[in-house]
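Novice: Starting off with a structure, shown below.
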Amino acid sequence: MVNTLDVESLKVIVFQLADKEYAIPVSQVQGIEKTMHITRVPKTPRYVKGVINLRGVVTPIIDLRERFDLNTSSDNETTRIIIISLDEMEVGFIVDAANDVMDIPKESIEPQPEVVGSLEEEFISGVAKVGKRLLILLHLDKVLNTLK
């Protein structure tokens, strides 16, 4: 007998960084914004671009390309800031594009692959195969661990 709880799906926001697609749970996303003026904060890690004032809330902004040591690119019309909420803290992630919202069947999610020498491997909670797409599921606690 199949337990119906085992066949649930995870609703995620899919976004692009370089040539890879990443996913974070919709439940942790507060919104997706176009790029805006970011006020630089001195003495922060290079991937912390600064802060924005978003509807009266000062929100730190992280460039995920720099956080994952990917080649940086300049902002363009598809660049977005995904506002996430974790442990009562709001943070914005600069991404190349926010692609779509989708349901990932839990059985299509595999544990993080062992990739020797991958700088981003500590930030990955799993990989989902959806059709021909591979989505990298982020472990938000680890991405944000230096901000807490």
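FYI, nothing fancy with the structure tokens labels: chains A, B, ... in order, residues from 1 per chain, ligands from 1 as they appear.
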So which residues touch Glu33 (chain A) within 9 Å, counting only C-alpha atoms, skipping near sequence neighbours fewer than 3 positions away, as a PDB file with N, CA, C and O atoms, in the first residue's frame?
Specialist:
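Output file part33.pdb is given in full below:
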ATOM      1  N   MET A  36      17.114  46.966  -8.279  1.00  0.00           N
ATOM      2  CA  MET A  36      16.914  48.339  -7.839  1.00  0.00           C
ATOM      3  C   MET A  36      18.217  48.826  -7.226  1.00  0.00           C
ATOM      4  O   MET A  36      19.183  48.066  -7.144  1.00  0.00           O
ATOM      5  N   ARG A  80      16.910  39.365 -11.528  1.00  0.00           N
ATOM      6  CA  ARG A  80      15.884  39.540 -10.509  1.00  0.00           C
ATOM      7  C   ARG A  80      16.498  39.419  -9.116  1.00  0.00           C
ATOM      8  O   ARG A  80      17.563  38.845  -8.936  1.00  0.00           O
ATOM      9  N   ILE A  81      15.770  39.949  -8.144  1.00  0.00           N
ATOM     10  CA  ILE A  81      16.111  39.772  -6.742  1.00  0.00           C
ATOM     11  C   ILE A  81      14.987  38.942  -6.141  1.00  0.00           C
ATOM     12  O   ILE A  81      13.831  39.364  -6.135  1.00  0.00           O
ATOM     13  N   ILE A  82      15.330  37.733  -5.668  1.00  0.00           N
ATOM     14  CA  ILE A  82      14.342  36.877  -5.025  1.00  0.00           C
ATOM     15  C   ILE A  82      14.448  37.130  -3.520  1.00  0.00           C
ATOM     16  O   ILE A  82      15.503  36.951  -2.927  1.00  0.00           O
ATOM     17  N   ILE A  83      13.348  37.580  -2.927  1.00  0.00           N
ATOM     18  CA  ILE A  83      13.321  37.867  -1.498  1.00  0.00           C
ATOM     19  C   ILE A  83      12.881  36.598  -0.774  1.00  0.00           C
ATOM     20  O   ILE A  83      11.795  36.075  -1.033  1.00  0.00           O
TER      21      ILE A  83
END
Novice: So which residues of chain A fall under helix (DSSP H, G or I) by DSSP, listed as a list in words?
Specialist: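 Residues of chain A classed as helix (DSSP H, G or I): Thr4, Leu5, Asp6, Val7, Val26, Ser27, Gln28, Leu64, Arg65, Glu66, Arg67, Lys106, Glu107, Ser108, Glu121, Glu122, Phe123, Leu140, Asp141, Lys142 and Val143 of chain A.
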Novice: Emit the selected residues as a PDB file, in the first residue's frame, including N, CA, C and O atoms.
Specialist:
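Here's the written file out.pdb:
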ATOM      1  N   THR A   4       0.038   8.076   0.905  1.00  0.00           N
ATOM      2  CA  THR A   4      -0.154   9.283   0.086  1.00  0.00           C
ATOM      3  C   THR A   4       0.805  10.396   0.480  1.00  0.00           C
ATOM      4  O   THR A   4       1.113  11.256  -0.329  1.00  0.00           O
ATOM      5  N   LEU A   5       1.320  10.381   1.712  1.00  0.00           N
ATOM      6  CA  LEU A   5       2.280  11.416   2.115  1.00  0.00           C
ATOM      7  C   LEU A   5       3.603  11.266   1.363  1.00  0.00           C
ATOM      8  O   LEU A   5       4.346  12.212   1.199  1.00  0.00           O
ATOM      9  N   ASP A   6       3.897  10.046   0.928  1.00  0.00           N
ATOM     10  CA  ASP A   6       5.164   9.808   0.229  1.00  0.00           C
ATOM     11  C   ASP A   6       5.140  10.292  -1.217  1.00  0.00           C
ATOM     12  O   ASP A   6       6.183  10.389  -1.842  1.00  0.00           O
ATOM     13  N   VAL A   7       3.972  10.561  -1.786  1.00  0.00           N
ATOM     14  CA  VAL A   7       3.902  10.959  -3.189  1.00  0.00           C
ATOM     15  C   VAL A   7       3.592  12.440  -3.348  1.00  0.00           C
ATOM     16  O   VAL A   7       3.199  12.880  -4.415  1.00  0.00           O
ATOM     17  N   VAL A  26       8.814  27.490  -2.508  1.00  0.00           N
ATOM     18  CA  VAL A  26       7.957  28.671  -2.593  1.00  0.00           C
ATOM     19  C   VAL A  26       7.618  29.179  -1.191  1.00  0.00           C
ATOM     20  O   VAL A  26       7.497  30.377  -0.970  1.00  0.00           O
ATOM     21  N   SER A  27       7.508  28.266  -0.247  1.00  0.00           N
ATOM     22  CA  SER A  27       7.124  28.648   1.119  1.00  0.00           C
ATOM     23  C   SER A  27       8.122  29.627   1.750  1.00  0.00           C
ATOM     24  O   SER A  27       7.774  30.344   2.685  1.00  0.00           O
ATOM     25  N   GLN A  28       9.349  29.661   1.240  1.00  0.00           N
ATOM     26  CA  GLN A  28      10.353  30.569   1.794  1.00  0.00           C
ATOM     27  C   GLN A  28      10.533  31.843   0.966  1.00  0.00           C
ATOM     28  O   GLN A  28      11.315  32.699   1.320  1.00  0.00           O
ATOM     29  N   LEU A  64      24.243  35.700  -5.644  1.00  0.00           N
ATOM     30  CA  LEU A  64      24.489  34.260  -5.582  1.00  0.00           C
ATOM     31  C   LEU A  64      25.614  33.822  -6.505  1.00  0.00           C
ATOM     32  O   LEU A  64      26.286  32.839  -6.218  1.00  0.00           O
ATOM     33  N   ARG A  65      25.846  34.544  -7.617  1.00  0.00           N
ATOM     34  CA  ARG A  65      26.982  34.181  -8.475  1.00  0.00           C
ATOM     35  C   ARG A  65      28.284  34.289  -7.684  1.00  0.00           C
ATOM     36  O   ARG A  65      29.128  33.409  -7.747  1.00  0.00           O
ATOM     37  N   GLU A  66      28.446  35.384  -6.955  1.00  0.00           N
ATOM     38  CA  GLU A  66      29.665  35.555  -6.166  1.00  0.00           C
ATOM     39  C   GLU A  66      29.695  34.599  -4.984  1.00  0.00           C
ATOM     40  O   GLU A  66      30.743  34.089  -4.622  1.00  0.00           O
ATOM     41  N   ARG A  67      28.551  34.334  -4.374  1.00  0.00           N
ATOM     42  CA  ARG A  67      28.496  33.412  -3.232  1.00  0.00           C
ATOM     43  C   ARG A  67      28.957  32.025  -3.649  1.00  0.00           C
ATOM     44  O   ARG A  67      29.606  31.314  -2.883  1.00  0.00           O
ATOM     45  N   LYS A 106       8.263  14.462  -4.957  1.00  0.00           N
ATOM     46  CA  LYS A 106       9.322  14.162  -3.981  1.00  0.00           C
ATOM     47  C   LYS A 106      10.171  12.973  -4.404  1.00  0.00           C
ATOM     48  O   LYS A 106      11.353  12.924  -4.098  1.00  0.00           O
ATOM     49  N   GLU A 107       9.574  12.015  -5.137  1.00  0.00           N
ATOM     50  CA  GLU A 107      10.365  10.840  -5.537  1.00  0.00           C
ATOM     51  C   GLU A 107      11.402  11.177  -6.607  1.00  0.00           C
ATOM     52  O   GLU A 107      12.316  10.401  -6.852  1.00  0.00           O
ATOM     53  N   SER A 108      11.295  12.341  -7.245  1.00  0.00           N
ATOM     54  CA  SER A 108      12.290  12.713  -8.256  1.00  0.00           C
ATOM     55  C   SER A 108      13.462  13.485  -7.646  1.00  0.00           C
ATOM     56  O   SER A 108      14.382  13.868  -8.345  1.00  0.00           O
ATOM     57  N   GLU A 121      28.960  22.711  -3.406  1.00  0.00           N
ATOM     58  CA  GLU A 121      28.338  21.480  -2.939  1.00  0.00           C
ATOM     59  C   GLU A 121      27.771  21.601  -1.525  1.00  0.00           C
ATOM     60  O   GLU A 121      26.753  21.002  -1.214  1.00  0.00           O
ATOM     61  N   GLU A 122      28.389  22.400  -0.671  1.00  0.00           N
ATOM     62  CA  GLU A 122      27.866  22.543   0.690  1.00  0.00           C
ATOM     63  C   GLU A 122      26.517  23.262   0.709  1.00  0.00           C
ATOM     64  O   GLU A 122      25.779  23.166   1.680  1.00  0.00           O
ATOM     65  N   PHE A 123      26.177  23.980  -0.358  1.00  0.00           N
ATOM     66  CA  PHE A 123      24.927  24.729  -0.414  1.00  0.00           C
ATOM     67  C   PHE A 123      23.777  23.928  -1.012  1.00  0.00           C
ATOM     68  O   PHE A 123      22.662  24.408  -1.082  1.00  0.00           O
ATOM     69  N   LEU A 140      19.138  26.680   2.073  1.00  0.00           N
ATOM     70  CA  LEU A 140      19.208  28.109   2.397  1.00  0.00           C
ATOM     71  C   LEU A 140      19.945  28.397   3.699  1.00  0.00           C
ATOM     72  O   LEU A 140      20.642  29.404   3.817  1.00  0.00           O
ATOM     73  N   ASP A 141      19.830  27.511   4.689  1.00  0.00           N
ATOM     74  CA  ASP A 141      20.571  27.717   5.937  1.00  0.00           C
ATOM     75  C   ASP A 141      22.065  27.844   5.677  1.00  0.00           C
ATOM     76  O   ASP A 141      22.738  28.683   6.255  1.00  0.00           O
ATOM     77  N   LYS A 142      22.585  26.996   4.797  1.00  0.00           N
ATOM     78  CA  LYS A 142      24.036  26.997   4.531  1.00  0.00           C
ATOM     79  C   LYS A 142      24.436  28.218   3.691  1.00  0.00           C
ATOM     80  O   LYS A 142      25.502  28.779   3.882  1.00  0.00           O
ATOM     81  N   VAL A 143      23.575  28.604   2.737  1.00  0.00           N
ATOM     82  CA  VAL A 143      23.877  29.781   1.913  1.00  0.00           C
ATOM     83  C   VAL A 143      23.976  31.019   2.783  1.00  0.00           C
ATOM     84  O   VAL A 143      24.803  31.896   2.571  1.00  0.00           O
TER      85      VAL A 143
END
Novice: Please return, as a short mmCIF file (atom, residue, chain, number, x, y, z; two decimals) with C-alpha atoms, in the first residue's frame, all residues of chain A that DSSP assigns to strand (DSSP E or B) on the basis of the backbone.
Specialist:
data_model
loop_
_atom_site.label_atom_id
_atom_site.label_comp_id
_atom_site.auth_asym_id
_atom_site.auth_seq_id
_atom_site.Cartn_x
_atom_site.Cartn_y
_atom_site.Cartn_z
CA SER A 9 5.33 17.25 -4.36
CA LEU A 10 7.47 20.21 -3.40
CA LYS A 11 6.42 23.57 -4.88
CA VAL A 12 9.52 25.55 -5.84
CA ILE A 13 10.65 28.73 -7.58
CA VAL A 14 13.13 27.88 -10.34
CA PHE A 15 15.83 30.42 -11.14
CA GLN A 16 18.87 30.65 -13.37
CA LEU A 17 22.50 31.23 -12.43
CA LYS A 20 22.32 25.97 -14.26
CA GLU A 21 18.82 25.96 -12.83
CA TYR A 22 18.32 26.15 -9.08
CA ALA A 23 15.22 25.80 -6.96
CA ILE A 24 14.05 27.02 -3.57
CA PRO A 25 10.76 26.21 -1.84
CA VAL A 29 9.94 33.11 -1.03
CA GLN A 30 8.42 36.48 -0.10
CA GLY A 31 8.59 37.99 -3.57
CA ILE A 32 10.54 38.53 -6.78
CA GLU A 33 11.67 42.05 -7.59
CA LYS A 34 13.38 43.75 -10.50
CA THR A 39 23.25 50.70 -0.89
CA VAL A 48 26.94 40.82 0.10
CA LYS A 49 26.11 43.62 -2.31
CA GLY A 50 24.50 45.82 0.33
CA VAL A 51 20.95 46.58 1.43
CA ILE A 52 17.72 47.78 -0.16
CA ASN A 53 14.69 49.44 1.37
CA LEU A 54 11.85 47.17 0.34
CA VAL A 57 12.13 46.87 5.46
CA VAL A 58 15.93 47.11 5.14
CA THR A 59 16.87 43.87 3.37
CA PRO A 60 20.42 42.56 2.81
CA ILE A 61 21.19 41.54 -0.79
CA ILE A 62 23.45 38.62 -1.73
CA ASP A 63 24.82 38.03 -5.22
CA ARG A 80 15.88 39.54 -10.51
CA ILE A 81 16.11 39.77 -6.74
CA ILE A 82 14.34 36.88 -5.02
CA ILE A 83 13.32 37.87 -1.50
CA ILE A 84 13.41 34.88 0.84
CA SER A 85 12.47 34.54 4.47
CA LEU A 86 14.40 32.26 6.79
CA MET A 89 15.11 37.19 8.51
CA GLU A 90 14.48 38.51 5.00
CA VAL A 91 17.30 38.40 2.45
CA GLY A 92 17.42 39.10 -1.28
CA PHE A 93 19.29 36.88 -3.76
CA ILE A 94 20.44 38.40 -7.06
CA VAL A 95 19.82 35.79 -9.79
CA ALA A 97 16.48 35.08 -14.14
CA ALA A 98 13.49 33.74 -12.22
CA ASN A 99 12.17 31.09 -14.59
CA ASP A 100 9.00 29.57 -13.17
CA VAL A 101 7.11 27.97 -10.33
CA MET A 102 6.71 24.20 -10.46
CA ASP A 103 5.78 21.17 -8.42
CA ILE A 104 8.57 18.63 -8.07
CA PRO A 105 7.43 15.13 -7.14
CA ILE A 109 14.50 14.43 -5.65
CA GLU A 110 17.83 12.73 -5.04
CA PRO A 111 20.39 13.53 -2.34
CA ILE A 124 23.05 21.90 -2.18
CA SER A 125 20.34 19.93 -0.39
CA GLY A 126 19.46 17.74 -3.37
CA VAL A 127 18.98 17.46 -7.12
CA ALA A 128 15.64 16.97 -8.85
CA LYS A 129 15.16 15.44 -12.28
CA VAL A 130 12.09 16.91 -13.95
CA ARG A 133 15.83 19.37 -16.60
CA LEU A 134 18.13 19.02 -13.61
CA LEU A 135 17.22 21.38 -10.78
CA ILE A 136 19.67 22.03 -7.96
CA LEU A 137 17.83 22.43 -4.65
CA LEU A 138 19.49 24.95 -2.37
#
Novice: From the set A:Glu88, A:Glu8, A:Asp19, A:Asp96, which residue has the shortest atom-to-atom contact distance to Ser73 (chain A), counting only C-alpha atoms?
Specialist: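 For Ser73 (chain A), the nearest of the given residues is A:Asp96.
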Novice: For CA of Asn145 (chain A) and CA of Asn76 (chain A), determine how far apart the two atoms are, in Å to one decimal place.
Specialist: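 If I compute the distance from CA of Asn145 (chain A) to CA of Asn76 (chain A), I get 28.2 Å.
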Novice: At what distance in Å, to one decimal, does CA of Thr35 (chain A) lie from CA of Thr79 (chain A)?
Specialist: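 About the pair CA of Thr79 (chain A) and CA of Thr35 (chain A): they are 6.6 Å apart.
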Novice: Using CA of Ala18 (chain A) and CA of Asp75 (chain A) as the two end points, give the distance in Å to one decimal.
Specialist: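 Spanning CA of Ala18 (chain A) to CA of Asp75 (chain A) is a straight-line distance of 12.3 Å.
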